[in-house]
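See below for start_36.txt, which holds compact mmCIF, C-alpha atoms.
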# COMPACT_ATOMS: atom_id res chain seq x y z
CA MET Y 1 0.00 0.00 0.00
CA ARG Y 2 2.89 2.36 0.70
CA GLU Y 3 3.91 2.15 -2.95
CA ASP Y 4 0.38 3.04 -4.03
CA VAL Y 5 0.32 6.09 -1.83
CA GLY Y 6 3.78 7.08 -3.02
CA ALA Y 7 2.58 6.91 -6.61
CA VAL Y 8 -0.44 9.01 -5.77
CA VAL Y 9 1.78 11.55 -4.03
CA ALA Y 10 4.15 11.65 -6.99
CA ALA Y 11 1.20 12.28 -9.32
CA HIS Y 12 -0.12 15.19 -7.27
CA PRO Y 13 0.70 18.63 -8.74
CA LEU Y 14 2.36 19.68 -5.46
CA PHE Y 15 5.07 17.08 -5.97
CA ALA Y 16 5.08 16.92 -9.76
CA GLY Y 17 8.59 16.62 -11.15
CA LEU Y 18 10.24 15.70 -7.89
CA PRO Y 19 12.58 12.68 -7.92
CA GLY Y 20 10.84 9.41 -7.10
CA PRO Y 21 12.60 8.90 -3.76
CA VAL Y 22 11.31 12.25 -2.55
CA ALA Y 23 7.72 11.30 -3.33
CA ASP Y 24 8.34 7.96 -1.64
CA LEU Y 25 9.57 9.80 1.41
CA VAL Y 26 6.33 11.76 1.56
CA GLY Y 27 4.35 8.63 0.77
CA SER Y 28 5.79 6.90 3.80
CA CYS Y 29 3.98 9.48 5.93
CA ALA Y 30 0.72 9.34 3.98
CA ARG Y 31 -2.53 7.44 3.69
CA ASN Y 32 -5.51 7.60 1.39
CA VAL Y 33 -8.70 8.95 2.92
CA ALA Y 34 -12.28 9.21 1.72
CA LEU Y 35 -14.42 11.92 3.24
CA ALA Y 36 -18.19 12.11 3.11
CA ASP Y 37 -20.09 15.21 2.18
CA GLY Y 38 -19.90 17.68 5.07
CA ALA Y 39 -17.03 15.95 6.88
CA LEU Y 40 -14.57 18.30 8.57
CA LEU Y 41 -10.95 17.95 7.49
CA LEU Y 42 -9.80 20.74 9.77
CA ARG Y 43 -11.46 22.43 12.72
CA GLU Y 44 -10.44 25.89 13.87
CA GLY Y 45 -8.40 25.84 17.08
CA GLU Y 46 -7.49 22.17 16.94
CA PRO Y 47 -3.90 20.95 16.51
CA ALA Y 48 -2.67 21.24 12.93
CA ASP Y 49 -1.33 17.79 12.22
CA THR Y 50 -2.16 16.90 8.61
CA LEU Y 51 -1.43 18.04 5.08
CA TYR Y 52 -4.22 17.06 2.70
CA LEU Y 53 -3.53 16.53 -0.98
CA ILE Y 54 -6.95 16.79 -2.60
CA ARG Y 55 -7.42 14.18 -5.32
CA ARG Y 56 -11.16 14.33 -5.97
CA GLY Y 57 -13.92 16.72 -5.02
CA THR Y 58 -13.85 20.16 -3.48
CA VAL Y 59 -13.03 21.38 0.01
CA SER Y 60 -14.63 24.49 1.46
CA ILE Y 61 -12.43 26.67 3.69
CA GLU Y 62 -14.74 28.31 6.21
CA VAL Y 63 -14.90 30.31 9.39
CA HIS Y 64 -17.76 29.95 11.81
CA ALA Y 65 -19.50 32.99 13.21
CA PRO Y 66 -22.11 32.77 15.97
CA GLY Y 67 -25.54 33.33 14.51
CA ARG Y 68 -24.26 33.34 10.95
CA GLY Y 69 -23.16 29.77 10.48
CA PRO Y 70 -20.19 28.97 8.27
CA ILE Y 71 -18.80 31.80 6.15
CA VAL Y 72 -17.05 30.44 3.08
CA VAL Y 73 -13.61 31.88 2.41
CA GLU Y 74 -12.56 29.76 -0.52
CA HIS Y 75 -13.29 26.52 -2.33
CA VAL Y 76 -10.24 24.37 -2.97
CA PRO Y 77 -10.56 22.00 -5.93
CA ALA Y 78 -8.87 18.70 -6.72
CA GLY Y 79 -5.18 18.98 -7.45
CA HIS Y 80 -4.63 21.51 -4.68
CA VAL Y 81 -3.72 21.17 -1.02
CA VAL Y 82 -5.43 22.00 2.25
CA GLY Y 83 -3.70 22.58 5.57
CA TRP Y 84 -0.34 24.20 6.14
CA SER Y 85 -0.71 25.63 9.65
CA TRP Y 86 1.43 22.72 10.88
CA ILE Y 87 4.51 24.36 9.37
CA VAL Y 88 4.90 27.12 11.97
CA PRO Y 89 3.89 27.54 15.63
CA PRO Y 90 1.43 27.57 17.21
CA ARG Y 91 0.45 24.72 14.82
CA VAL Y 92 -3.28 25.03 15.21
CA TRP Y 93 -5.87 25.37 12.43
CA HIS Y 94 -7.05 28.89 11.80
CA PHE Y 95 -10.09 27.91 9.72
CA ASP Y 96 -12.47 25.02 9.26
CA ALA Y 97 -12.21 22.90 6.12
CA ARG Y 98 -15.27 20.94 5.06
CA ALA Y 99 -15.83 18.39 2.31
CA LEU Y 100 -18.21 19.79 -0.27
CA GLY Y 101 -19.57 16.51 -1.51
CA PRO Y 102 -17.48 13.33 -1.44
CA VAL Y 103 -13.76 14.06 -1.28
CA GLY Y 104 -10.81 11.79 -1.95
CA ALA Y 105 -7.49 12.90 -0.53
CA VAL Y 106 -4.11 11.81 0.66
CA ALA Y 107 -3.62 12.70 4.32
CA VAL Y 108 0.04 13.29 5.14
CA ASP Y 109 1.10 13.13 8.80
CA ALA Y 110 2.63 16.53 9.52
CA GLN Y 111 4.89 15.40 12.39
CA CYS Y 112 6.29 12.64 10.21
CA LEU Y 113 6.85 15.13 7.40
CA ARG Y 114 8.58 17.63 9.72
CA ASP Y 115 10.82 14.88 11.11
CA LYS Y 116 11.90 13.81 7.63
CA ALA Y 117 12.50 17.42 6.64
CA THR Y 118 14.66 17.91 9.71
CA ASP Y 119 16.63 14.72 9.04
CA ASP Y 120 17.09 15.52 5.34
CA PRO Y 121 17.43 19.29 4.78
CA ALA Y 122 17.56 18.86 0.99
CA PHE Y 123 14.16 17.17 1.15
CA GLY Y 124 12.97 19.80 3.61
CA TYR Y 125 13.98 22.57 1.22
CA GLN Y 126 12.15 20.94 -1.67
CA LEU Y 127 9.05 20.46 0.44
CA MET Y 128 9.00 23.98 1.83
CA SER Y 129 9.69 25.53 -1.57
CA ARG Y 130 6.68 23.74 -3.03
CA LEU Y 131 4.44 24.63 -0.11
CA PHE Y 132 5.65 28.22 -0.11
CA GLY Y 133 4.71 28.48 -3.77
CA ILE Y 134 1.16 27.54 -2.89
CA VAL Y 135 1.04 29.95 0.04
CA VAL Y 136 2.24 32.79 -2.23
CA GLU Y 137 -0.32 31.87 -4.88
CA ARG Y 138 -3.14 31.91 -2.33
CA LEU Y 139 -1.92 35.17 -0.79
CA GLN Y 140 -1.86 36.84 -4.19
CA ALA Y 141 -5.33 35.56 -5.00
CA THR Y 142 -6.58 36.84 -1.66
CA ARG Y 143 -5.06 40.26 -2.28
CA VAL Y 144 -6.79 40.47 -5.64
CA ARG Y 145 -10.10 39.59 -4.03
CA LEU Y 146 -9.54 42.31 -1.42
CA LEU Y 147 -9.58 44.82 -4.28
CA ASP Y 148 -13.29 44.05 -4.74
CA LEU Y 149 -12.79 44.30 -8.49
CA TYR Y 150 -16.42 43.79 -9.39
CA GLY Y 151 -17.85 46.06 -6.74
CA PRO Y 152 -19.86 49.21 -7.35
CA GLY Y 153 -18.00 51.79 -9.41
CA SER Y 154 -15.55 49.28 -10.77
CA GLY Y 155 -14.74 49.00 -14.43
CA GLY Y 156 -15.79 46.08 -16.48
CA MET W 1 -32.91 61.19 -51.64
CA SER W 2 -31.64 60.47 -48.13
CA ARG W 3 -29.17 62.72 -46.43
CA ALA W 4 -26.29 61.17 -44.50
CA LEU W 5 -26.29 62.15 -40.87
CA HIS W 6 -23.33 63.98 -39.45
CA PRO W 7 -21.27 61.38 -37.54
CA LEU W 8 -21.81 63.26 -34.31
CA ALA W 9 -25.58 63.36 -34.78
CA PRO W 10 -27.37 60.47 -33.09
CA ARG W 11 -30.02 58.42 -34.79
CA LEU W 12 -33.26 58.04 -32.91
CA TRP W 13 -33.94 54.45 -31.98
CA ARG W 14 -36.83 53.20 -29.93
CA VAL W 15 -36.41 50.98 -26.89
CA ALA W 16 -38.28 47.77 -27.72
CA SER W 17 -37.31 45.67 -24.72
CA ARG W 18 -35.94 46.22 -21.26
CA THR W 19 -34.56 43.31 -19.24
CA VAL W 20 -33.46 43.70 -15.64
CA GLU W 21 -30.34 41.54 -15.48
CA LEU W 22 -29.13 42.43 -11.97
CA ALA W 23 -30.10 44.96 -9.33
CA ASP W 24 -28.06 47.65 -11.09
CA VAL W 25 -27.82 46.25 -14.61
CA VAL W 26 -30.39 46.34 -17.40
CA THR W 27 -30.30 45.38 -21.05
CA LEU W 28 -32.09 47.65 -23.48
CA GLY W 29 -33.03 46.11 -26.81
CA VAL W 30 -33.27 48.99 -29.25
CA GLU W 31 -34.85 48.86 -32.66
CA PRO W 32 -32.61 50.13 -35.45
CA ASP W 33 -34.17 52.64 -37.84
CA THR W 34 -32.53 50.94 -40.82
CA ASP W 35 -31.10 47.50 -41.60
CA ALA W 36 -27.68 49.13 -41.74
CA GLY W 37 -28.10 50.20 -38.14
CA ALA W 38 -28.07 46.60 -36.99
CA ARG W 39 -24.75 45.82 -38.64
CA PHE W 40 -22.06 45.49 -36.04
CA ARG W 41 -19.43 43.00 -35.01
CA PRO W 42 -19.24 41.51 -31.50
CA GLY W 43 -16.98 43.64 -29.33
CA GLN W 44 -17.94 46.97 -30.90
CA PHE W 45 -19.79 49.69 -29.02
CA ASN W 46 -22.36 52.39 -29.63
CA MET W 47 -22.61 55.85 -28.13
CA LEU W 48 -26.02 56.00 -26.46
CA SER W 49 -27.67 59.31 -25.59
CA ALA W 50 -30.12 59.95 -22.85
CA PHE W 51 -31.49 63.22 -24.12
CA GLY W 52 -30.97 66.11 -21.78
CA VAL W 53 -28.47 64.15 -19.71
CA GLY W 54 -25.58 63.06 -21.92
CA GLU W 55 -23.96 60.33 -23.94
CA ALA W 56 -22.10 57.18 -22.89
CA ALA W 57 -20.22 54.39 -24.65
CA ILE W 58 -22.10 51.12 -24.27
CA SER W 59 -20.95 47.82 -25.74
CA VAL W 60 -23.31 45.89 -27.93
CA SER W 61 -24.34 42.77 -26.03
CA SER W 62 -26.52 41.05 -28.60
CA ARG W 63 -25.42 39.02 -31.57
CA PRO W 64 -25.29 40.16 -35.17
CA GLY W 65 -28.52 39.38 -36.91
CA ASP W 66 -30.80 39.81 -33.90
CA ASN W 67 -33.80 42.02 -34.56
CA LEU W 68 -32.94 44.25 -31.63
CA VAL W 69 -29.52 45.61 -30.77
CA GLY W 70 -28.81 44.84 -27.13
CA HIS W 71 -27.00 47.23 -24.82
CA THR W 72 -26.27 46.06 -21.29
CA ILE W 73 -25.95 49.02 -18.97
CA ARG W 74 -24.69 49.23 -15.42
CA ASP W 75 -26.22 52.11 -13.51
CA VAL W 76 -23.12 53.88 -12.23
CA GLY W 77 -23.47 57.55 -13.23
CA PRO W 78 -25.97 60.18 -14.40
CA VAL W 79 -26.07 59.05 -18.06
CA THR W 80 -26.15 55.33 -17.39
CA HIS W 81 -28.74 55.96 -14.66
CA ALA W 82 -30.99 57.77 -17.14
CA LEU W 83 -30.47 55.06 -19.76
CA ALA W 84 -31.14 52.32 -17.23
CA LEU W 85 -34.47 53.96 -16.40
CA ALA W 86 -35.55 54.06 -20.07
CA ARG W 87 -38.86 52.33 -20.66
CA VAL W 88 -40.13 50.38 -23.64
CA GLY W 89 -41.26 52.94 -26.20
CA ASP W 90 -38.78 55.60 -25.14
CA VAL W 91 -36.37 56.96 -27.70
CA VAL W 92 -32.62 56.98 -27.17
CA GLY W 93 -29.90 58.46 -29.34
CA VAL W 94 -27.51 56.02 -31.00
CA ARG W 95 -24.22 56.61 -32.79
CA GLY W 96 -22.08 53.76 -33.99
CA PRO W 97 -21.10 51.03 -34.15
CA PHE W 98 -17.56 52.05 -33.33
CA GLY W 99 -14.24 50.36 -32.81
CA THR W 100 -12.67 46.96 -33.27
CA ASP W 101 -14.25 43.58 -32.63
CA TRP W 102 -13.19 40.30 -31.03
CA GLY W 103 -12.09 38.90 -34.39
CA VAL W 104 -13.77 35.56 -33.91
CA GLY W 105 -13.69 33.66 -37.18
CA PRO W 106 -11.50 33.89 -40.26
CA GLY W 107 -9.17 36.82 -40.82
CA PRO W 108 -6.51 38.55 -38.77
CA GLY W 109 -7.00 39.56 -35.18
CA PRO W 110 -7.21 43.13 -33.99
CA ASP W 111 -4.35 45.42 -35.01
CA GLY W 112 -2.87 42.76 -37.26
CA SER W 113 -2.37 40.23 -34.45
CA PRO W 114 -2.55 36.52 -35.32
CA GLY W 115 -6.00 35.48 -36.41
CA ASP W 116 -8.28 32.70 -35.33
CA ASP W 117 -6.79 29.48 -36.72
CA GLY W 118 -9.58 27.33 -35.37
CA GLY W 119 -7.74 26.42 -32.15
CA ASP W 120 -9.30 26.48 -28.73
CA VAL W 121 -10.85 29.72 -27.51
CA VAL W 122 -10.77 30.78 -23.87
CA VAL W 123 -13.10 33.59 -22.87
CA VAL W 124 -12.48 35.23 -19.49
CA ALA W 125 -14.98 37.77 -18.20
CA GLY W 126 -15.22 39.67 -14.95
CA GLY W 127 -18.41 41.36 -13.75
CA ILE W 128 -20.22 43.23 -16.49
CA GLY W 129 -17.28 42.43 -18.77
CA LEU W 130 -19.35 39.49 -19.99
CA ALA W 131 -21.67 41.87 -21.87
CA PRO W 132 -19.34 42.80 -24.75
CA LEU W 133 -18.42 39.12 -25.09
CA ARG W 134 -21.95 37.76 -25.32
CA GLY W 135 -22.30 38.10 -29.10
CA ALA W 136 -18.90 36.50 -29.67
CA ILE W 137 -19.69 33.59 -27.35
CA ASP W 138 -23.01 33.06 -29.13
CA LEU W 139 -21.12 32.68 -32.41
CA LEU W 140 -18.53 30.37 -30.82
CA ALA W 141 -21.27 28.25 -29.25
CA GLU W 142 -22.62 27.42 -32.69
CA GLY W 143 -19.81 24.88 -32.78
CA ARG W 144 -18.68 25.57 -36.32
CA ARG W 145 -15.03 25.76 -35.31
CA PRO W 146 -12.83 22.72 -34.74
CA GLY W 147 -11.46 24.02 -31.43
CA SER W 148 -13.21 23.99 -28.09
CA THR W 149 -14.70 27.02 -26.38
CA THR W 150 -14.29 27.75 -22.70
CA VAL W 151 -16.02 30.56 -20.82
CA LEU W 152 -14.67 31.55 -17.41
CA VAL W 153 -16.62 34.10 -15.41
CA GLY W 154 -15.76 35.93 -12.21
CA ALA W 155 -18.41 37.75 -10.21
CA ARG W 156 -18.64 39.38 -6.83
CA SER W 157 -21.38 37.06 -5.57
CA PRO W 158 -23.86 34.56 -7.01
CA ASP W 159 -26.57 37.21 -7.34
CA GLN W 160 -24.15 39.29 -9.42
CA VAL W 161 -23.59 36.66 -12.11
CA LEU W 162 -24.65 38.20 -15.38
CA PHE W 163 -26.58 36.31 -18.08
CA ALA W 164 -27.12 33.16 -16.01
CA ASP W 165 -29.57 31.82 -18.63
CA ASP W 166 -27.03 32.31 -21.40
CA LEU W 167 -24.32 30.57 -19.37
CA ALA W 168 -26.62 27.56 -19.00
CA ARG W 169 -27.50 27.65 -22.70
CA TRP W 170 -23.84 27.80 -23.75
CA SER W 171 -23.05 24.93 -21.42
CA ARG W 172 -25.80 22.85 -23.03
CA ALA W 173 -24.29 23.70 -26.42
CA GLY W 174 -20.99 22.11 -25.40
CA VAL W 175 -19.14 25.17 -24.16
CA GLN W 176 -17.08 24.56 -21.04
CA VAL W 177 -18.52 27.11 -18.60
CA GLU W 178 -17.10 27.85 -15.15
CA VAL W 179 -18.21 30.58 -12.76
CA THR W 180 -16.40 31.70 -9.64
CA VAL W 181 -17.46 34.25 -7.06
CA ASP W 182 -15.61 36.31 -4.48
CA VAL W 183 -18.32 36.13 -1.83
CA PRO W 184 -20.50 33.00 -1.93
CA GLY W 185 -24.01 32.99 -0.59
CA PRO W 186 -25.79 30.16 1.15
CA GLY W 187 -26.04 27.10 -1.03
CA TRP W 188 -23.35 28.11 -3.48
CA THR W 189 -21.30 25.02 -4.26
CA GLY W 190 -19.31 26.38 -7.19
CA PRO W 191 -15.80 27.77 -7.14
CA VAL W 192 -14.92 30.59 -4.76
CA GLY W 193 -11.91 32.73 -5.57
CA VAL W 194 -10.36 34.79 -8.33
CA VAL W 195 -11.23 34.05 -11.94
CA THR W 196 -7.63 33.14 -12.79
CA GLY W 197 -8.00 30.17 -10.43
CA LEU W 198 -10.44 28.67 -12.91
CA LEU W 199 -7.69 28.25 -15.47
CA ASP W 200 -6.27 25.44 -13.32
CA ARG W 201 -9.38 23.36 -13.76
CA THR W 202 -9.92 24.10 -17.42
CA ARG W 203 -9.01 21.83 -20.31
CA PHE W 204 -7.73 23.59 -23.40
CA ASP W 205 -4.73 23.39 -25.68
CA PRO W 206 -2.73 26.61 -25.35
CA THR W 207 -1.04 26.00 -28.70
CA GLY W 208 -2.81 28.26 -31.15
CA ALA W 209 -5.45 29.15 -28.58
CA VAL W 210 -7.08 32.57 -28.67
CA ALA W 211 -8.09 34.26 -25.42
CA LEU W 212 -10.74 36.97 -25.19
CA VAL W 213 -10.63 38.92 -21.92
CA CYS W 214 -12.91 41.65 -20.62
CA GLY W 215 -13.41 43.07 -17.15
CA PRO W 216 -11.75 45.45 -14.74
CA GLU W 217 -8.24 46.30 -15.94
CA ILE W 218 -6.54 44.79 -12.90
CA MET W 219 -8.34 41.55 -13.64
CA ILE W 220 -7.24 41.78 -17.26
CA ARG W 221 -3.59 42.12 -16.22
CA PHE W 222 -3.70 39.18 -13.83
CA THR W 223 -5.64 37.07 -16.30
CA ALA W 224 -3.22 37.81 -19.14
CA ARG W 225 -0.31 36.79 -16.93
CA ALA W 226 -2.05 33.56 -15.94
CA LEU W 227 -2.88 32.78 -19.57
CA MET W 228 0.74 33.33 -20.58
CA ALA W 229 1.89 31.11 -17.71
CA ARG W 230 -0.44 28.46 -19.11
CA GLY W 231 1.32 28.78 -22.47
CA VAL W 232 -1.03 31.04 -24.43
CA ASP W 233 0.80 33.21 -26.96
CA PRO W 234 0.48 36.85 -25.73
CA ASP W 235 -0.16 37.90 -29.34
CA ARG W 236 -3.31 35.81 -29.22
CA ILE W 237 -4.66 37.36 -26.03
CA ARG W 238 -7.24 39.99 -26.93
CA VAL W 239 -8.54 42.39 -24.32
CA SER W 240 -11.26 45.00 -24.33
CA LEU W 241 -10.27 48.31 -22.80
CA GLU W 242 -12.29 51.36 -21.95
CA ARG W 243 -11.35 54.97 -21.49
CA ASN W 244 -13.36 58.16 -21.71
CA MET W 245 -14.96 57.52 -25.11
CA GLN W 246 -16.60 60.70 -26.41
CA CYS W 247 -16.58 61.24 -30.16
CA GLY W 248 -16.15 57.57 -31.09
CA LEU W 249 -14.30 58.64 -34.19
CA GLY W 250 -10.71 59.20 -33.07
CA TRP W 251 -11.14 62.96 -33.31
CA CYS W 252 -11.21 64.26 -29.76
CA GLY W 253 -8.48 62.23 -28.07
CA HIS W 254 -10.30 61.76 -24.77
CA CYS W 255 -9.86 58.00 -24.95
CA GLN W 256 -6.14 58.08 -25.62
CA LEU W 257 -4.02 55.31 -24.14
CA GLY W 258 -0.44 55.89 -25.22
CA PRO W 259 -0.41 55.76 -29.01
CA LEU W 260 -3.91 54.27 -29.12
CA LEU W 261 -7.23 56.04 -29.43
CA LEU W 262 -9.38 53.34 -27.95
CA CYS W 263 -12.63 54.42 -29.62
CA ARG W 264 -10.96 53.82 -32.98
CA ASP W 265 -8.03 51.44 -32.35
CA GLY W 266 -9.94 49.58 -29.65
CA PRO W 267 -11.84 48.67 -27.63
CA VAL W 268 -10.53 45.20 -28.53
CA VAL W 269 -6.75 45.23 -28.77
CA PRO W 270 -4.03 42.58 -28.60
CA TYR W 271 -2.51 42.38 -25.13
CA ALA W 272 1.05 41.89 -26.29
CA GLY W 273 3.27 44.87 -26.89
CA VAL W 274 1.88 48.34 -26.36
CA VAL W 275 -1.06 47.38 -24.16
CA GLU W 276 0.96 45.11 -21.90
CA THR W 277 3.47 47.92 -21.39
CA LEU W 278 0.88 50.64 -20.89
CA LEU W 279 -1.17 48.70 -18.36
CA ARG W 280 1.96 48.42 -16.23
CA GLN W 281 2.61 52.16 -16.32
CA ARG W 282 2.23 54.02 -13.06
CA GLN W 283 -0.09 56.96 -13.65
CA ARG W 284 -1.45 59.57 -11.31
Using structure tokens, write down the structure that the file contains.
Amino acid sequence: MREDVGAVVAAHPLFAGLPGPVADLVGSCARNVALADGALLLREGEPADTLYLIRRGTVSIEVHAPGRGPIVVEHVPAGHVVGWSWIVPPRVWHFDARALGPVGAVAVDAQCLRDKATDDPAFGYQLMSRLFGIVVERLQATRVRLLDLYGPGSGG
Amino acid sequence: MSRALHPLAPRLWRVASRTVELADVVTLGVEPDTDAGARFRPGQFNMLSAFGVGEAAISVSSRPGDNLVGHTIRDVGPVTHALALARVGDVVGVRGPFGTDWGVGPGPGPDGSPGDDGGDVVVVAGGIGLAPLRGAIDLLAEGRRPGSTTVLVGARSPDQVLFADDLARWSRAGVQVEVTVDVPGPGWTGPVGVVTGLLDRTRFDPTGAVALVCGPEIMIRFTARALMARGVDPDRIRVSLERNMQCGLGWCGHCQLGPLLLCRDGPVVPYAGVVETLLRQRQR
């Protein structure tokens, strides 16, 4: 089964192009998971311990407000990742993440991943570079949304 | 013997239909006074007058050949407010059509850019930017080209998605349609995020693909960059730009953007070259 997960990891866009042994290294920390519609992948305030590579379906990143229910921040489609608060302290989730319909994912144990990154700095650099690319991409997208491009008085 | 109108004199066309698209957006279907009046190419615009108030540049949002010429208007200022309040039977002033078109079909693209070789077409629209693209998408949806057609739409919220019925109709016709919103409402299960994010989940061959982009200029810049990152030739990215269109004839210069007079050289221009440079310029 480890080999299967390693192959799935290697096929995920986050790890595309990395040498096989690197994907195997990640795969040794990973397992396939199937999540039902509405299942929580992450819950705000709980320990951040998993990196999810989304293979199928869509995950809704949300924040809960009393009296308002969940407020959707973003929908993350297949091929993307969910959960990086485990990288830096305090290593707790800042948002909820909920399966929007059935979701197939690879759940990677964050402690295992951190340990391997510490033991093998070259691997750690590769991993963090990839994850940082995603963080930058999401930050840029968030900044564009903050501009409220389609709001009243906008062009277009 | 008929006398040609002075190009600055509007023709008087009657409003034959009024469709409320969104809370602040209406489409007026106006009846041309002659067959020639209905001749336009998707992407062009007319100058519409609300008598006693003023004149504004409004893109044509219907398709060539329709009995009525559609103008989709967002109520954002005195002129567009007056136009948006027009009722069926009212008369509006019309000058046009003006400017360049999307260049869908045979022939070169705008300003001599590479033409449509029948490859895939990616249409990216933000907000009311879908209006000038509607006629072009209607033609693409007829499926007479070998390449696929993809329509990606960004809107502020689900209730701000323009032409929802058309999006469904194009989807049924085989067009790949994706809509994303910035602020989802209850029950929205579609994508949430910027429109460029939709490119990740879209299947098209960037080789020879043509991209048609319309929306706020910041969105255009980010979208063009994302399209280029995906491998689309910048010469084949066509964008629709707007400035202060007044005469529509390249006479007055109010719509100048660098060496371009957008009422004449635009509104549809190739992104590569002058436009790419100018949209990066810092201006006060």
Determine, for each residue of chain Y having at least one atom at most 12 Å from an atom of chain W, the closest pair of atoms and their separation in Å to one decimal, counting all atoms listed in the file; order by chain and ascending number, as CSV.
residue,atom,partner,partner_atom,distance
Y:Pro13,CA,W:Asp200,CA,10.8
Y:Asp37,CA,W:Thr189,CA,11.8
Y:Gly38,CA,W:Thr189,CA,12.0
Y:Gly57,CA,W:Thr189,CA,11.1
Y:Thr58,CA,W:Pro191,CA,8.7
Y:Val59,CA,W:Pro191,CA,10.0
Y:Ser60,CA,W:Val192,CA,8.7
Y:Ile61,CA,W:Val192,CA,9.6
Y:Glu62,CA,W:Pro184,CA,11.0
Y:Arg68,CA,W:Pro186,CA,10.4
Y:Gly69,CA,W:Pro186,CA,9.7
Y:Pro70,CA,W:Pro186,CA,9.1
Y:Ile71,CA,W:Pro184,CA,8.3
Y:Val72,CA,W:Pro184,CA,6.6
Y:Val73,CA,W:Val192,CA,7.4
Y:Glu74,CA,W:Val192,CA,4.9
Y:His75,CA,W:Val192,CA,5.0
Y:Val76,CA,W:Pro191,CA,7.7
Y:Pro77,CA,W:Pro191,CA,7.9
Y:Ala78,CA,W:Arg201,CA,8.5
Y:Gly79,CA,W:Arg201,CA,8.8
Y:His80,CA,W:Asp200,CA,9.6
Y:Arg98,CA,W:Thr189,CA,11.8
Y:Ala99,CA,W:Thr189,CA,10.8
Y:Leu100,CA,W:Thr189,CA,7.3
Y:Gly101,CA,W:Thr189,CA,9.1
Y:Glu137,CA,W:Gly197,CA,9.6
Y:Arg138,CA,W:Gly193,CA,9.4
Y:Leu139,CA,W:Val194,CA,11.3
Y:Gln140,CA,W:Val194,CA,9.7
Y:Ala141,CA,W:Val194,CA,6.1
Y:Thr142,CA,W:Gly193,CA,7.8
Y:Arg143,CA,W:Val194,CA,9.7
Y:Val144,CA,W:Val194,CA,7.2
Y:Arg145,CA,W:Asp182,CA,6.4
Y:Leu146,CA,W:Asp182,CA,9.1
Y:Leu147,CA,W:Ile218,CA,9.1
Y:Asp148,CA,W:Arg156,CA,7.4
Y:Leu149,CA,W:Pro216,CA,6.4
Y:Tyr150,CA,W:Gly127,CA,5.4
Y:Gly151,CA,W:Arg156,CA,6.7
Y:Pro152,CA,W:Val76,CA,7.5
Y:Gly153,CA,W:Val76,CA,6.2
Y:Ser154,CA,W:Pro216,CA,6.7
Y:Gly155,CA,W:Pro216,CA,4.7
Y:Gly156,CA,W:Gly215,CA,3.9
Take every atom of stretch 229-235 of chain W listed in the file, fit an axis-aligned box around them, add 8 Å per side, and give the centre and edge lengths in Å to one decimal as lines of an AutoDock Vina configuration file.
center_x = 0.4
center_y = 33.2
center_z = -23.5
size_x = 18.9
size_y = 25.4
size_z = 27.6
Residues near W:Thr202, cut-off 12 Å, all atoms listed in the file, skip fewer than 4 positions along chain, as a list of chain:residue names: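 The neighbour list is Y:Pro77, W:Asp120, W:Val121, W:Val122, W:Val123, W:Val124, W:Ser148, W:Thr149, W:Thr150, W:Val151, W:Leu152, W:Val175, W:Gln176, W:Val177, W:Glu178, W:Val179, W:Val195, W:Thr196, W:Gly197, W:Leu198, W:Pro206, W:Leu227, W:Arg230.
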field: Distance in Å - atom CA of W:Ala9 versus atom CA of W:Ala84
entry: 21.5 Å
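With all atoms listed in the file as the atoms that count, the minimum distance from Y:Ile54 to the choices Y:Leu25, Y:Cys112, Y:Val5, Y:Val81 is reached by Y:Val81.
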- request: For Y:Gly124, please output as an MDAnalysis selection string all residues within 12 Å (counting all atoms listed in the file; exclusion window: fewer than 2 positions along the same chain).
  value: chainID Y and resid 22 25:26 87 112:122 126:132
- prompt: In Å to one decimal, how far is atom CA of W:Arg172 from atom CA of W:Pro146?
  reply: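 Distance reported for this atom pair: 17.5 Å.
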message: Which residues are near W:Cys255? Cut-off 12 Å, only C-alpha atoms, ignore same chain within fewer than 5 positions. Put them as a list in words.
response: Ala57, Gly99, Leu241, Glu242, Arg243, Asn244, Met245, Gln246, Cys247, Gly248, Leu249, Gly250, Leu260, Leu261, Leu262, Cys263, Arg264, Asp265, Gly266 and Pro267 of chain W
field: Straight-line distance linking atom CA of Y:Leu42 with atom CA of Y:Ser85, stated in Å to one decimal
entry: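 Interatomic distance here is 10.3 Å.
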message: From (-24.9, 62.9, -31.6), in the file's coordinates, out to 9 Å: which residues are reached, counting all atoms listed in the file? Answer as a list in words.
response: His6, Pro7, Leu8, Ala9, Pro10, Arg11, Met47, Leu48, Ser49, Glu55, Gly93, Val94, Arg95 and Cys247 of chain W
- request: Find the residues near W:Asp205: any atom within 8 Å, counting only C-alpha atoms, skip ones fewer than 3 places away on the same chain, and give them as a list in words.
  value: Gly119, Asp120, Gly208 and Ala209 of chain W
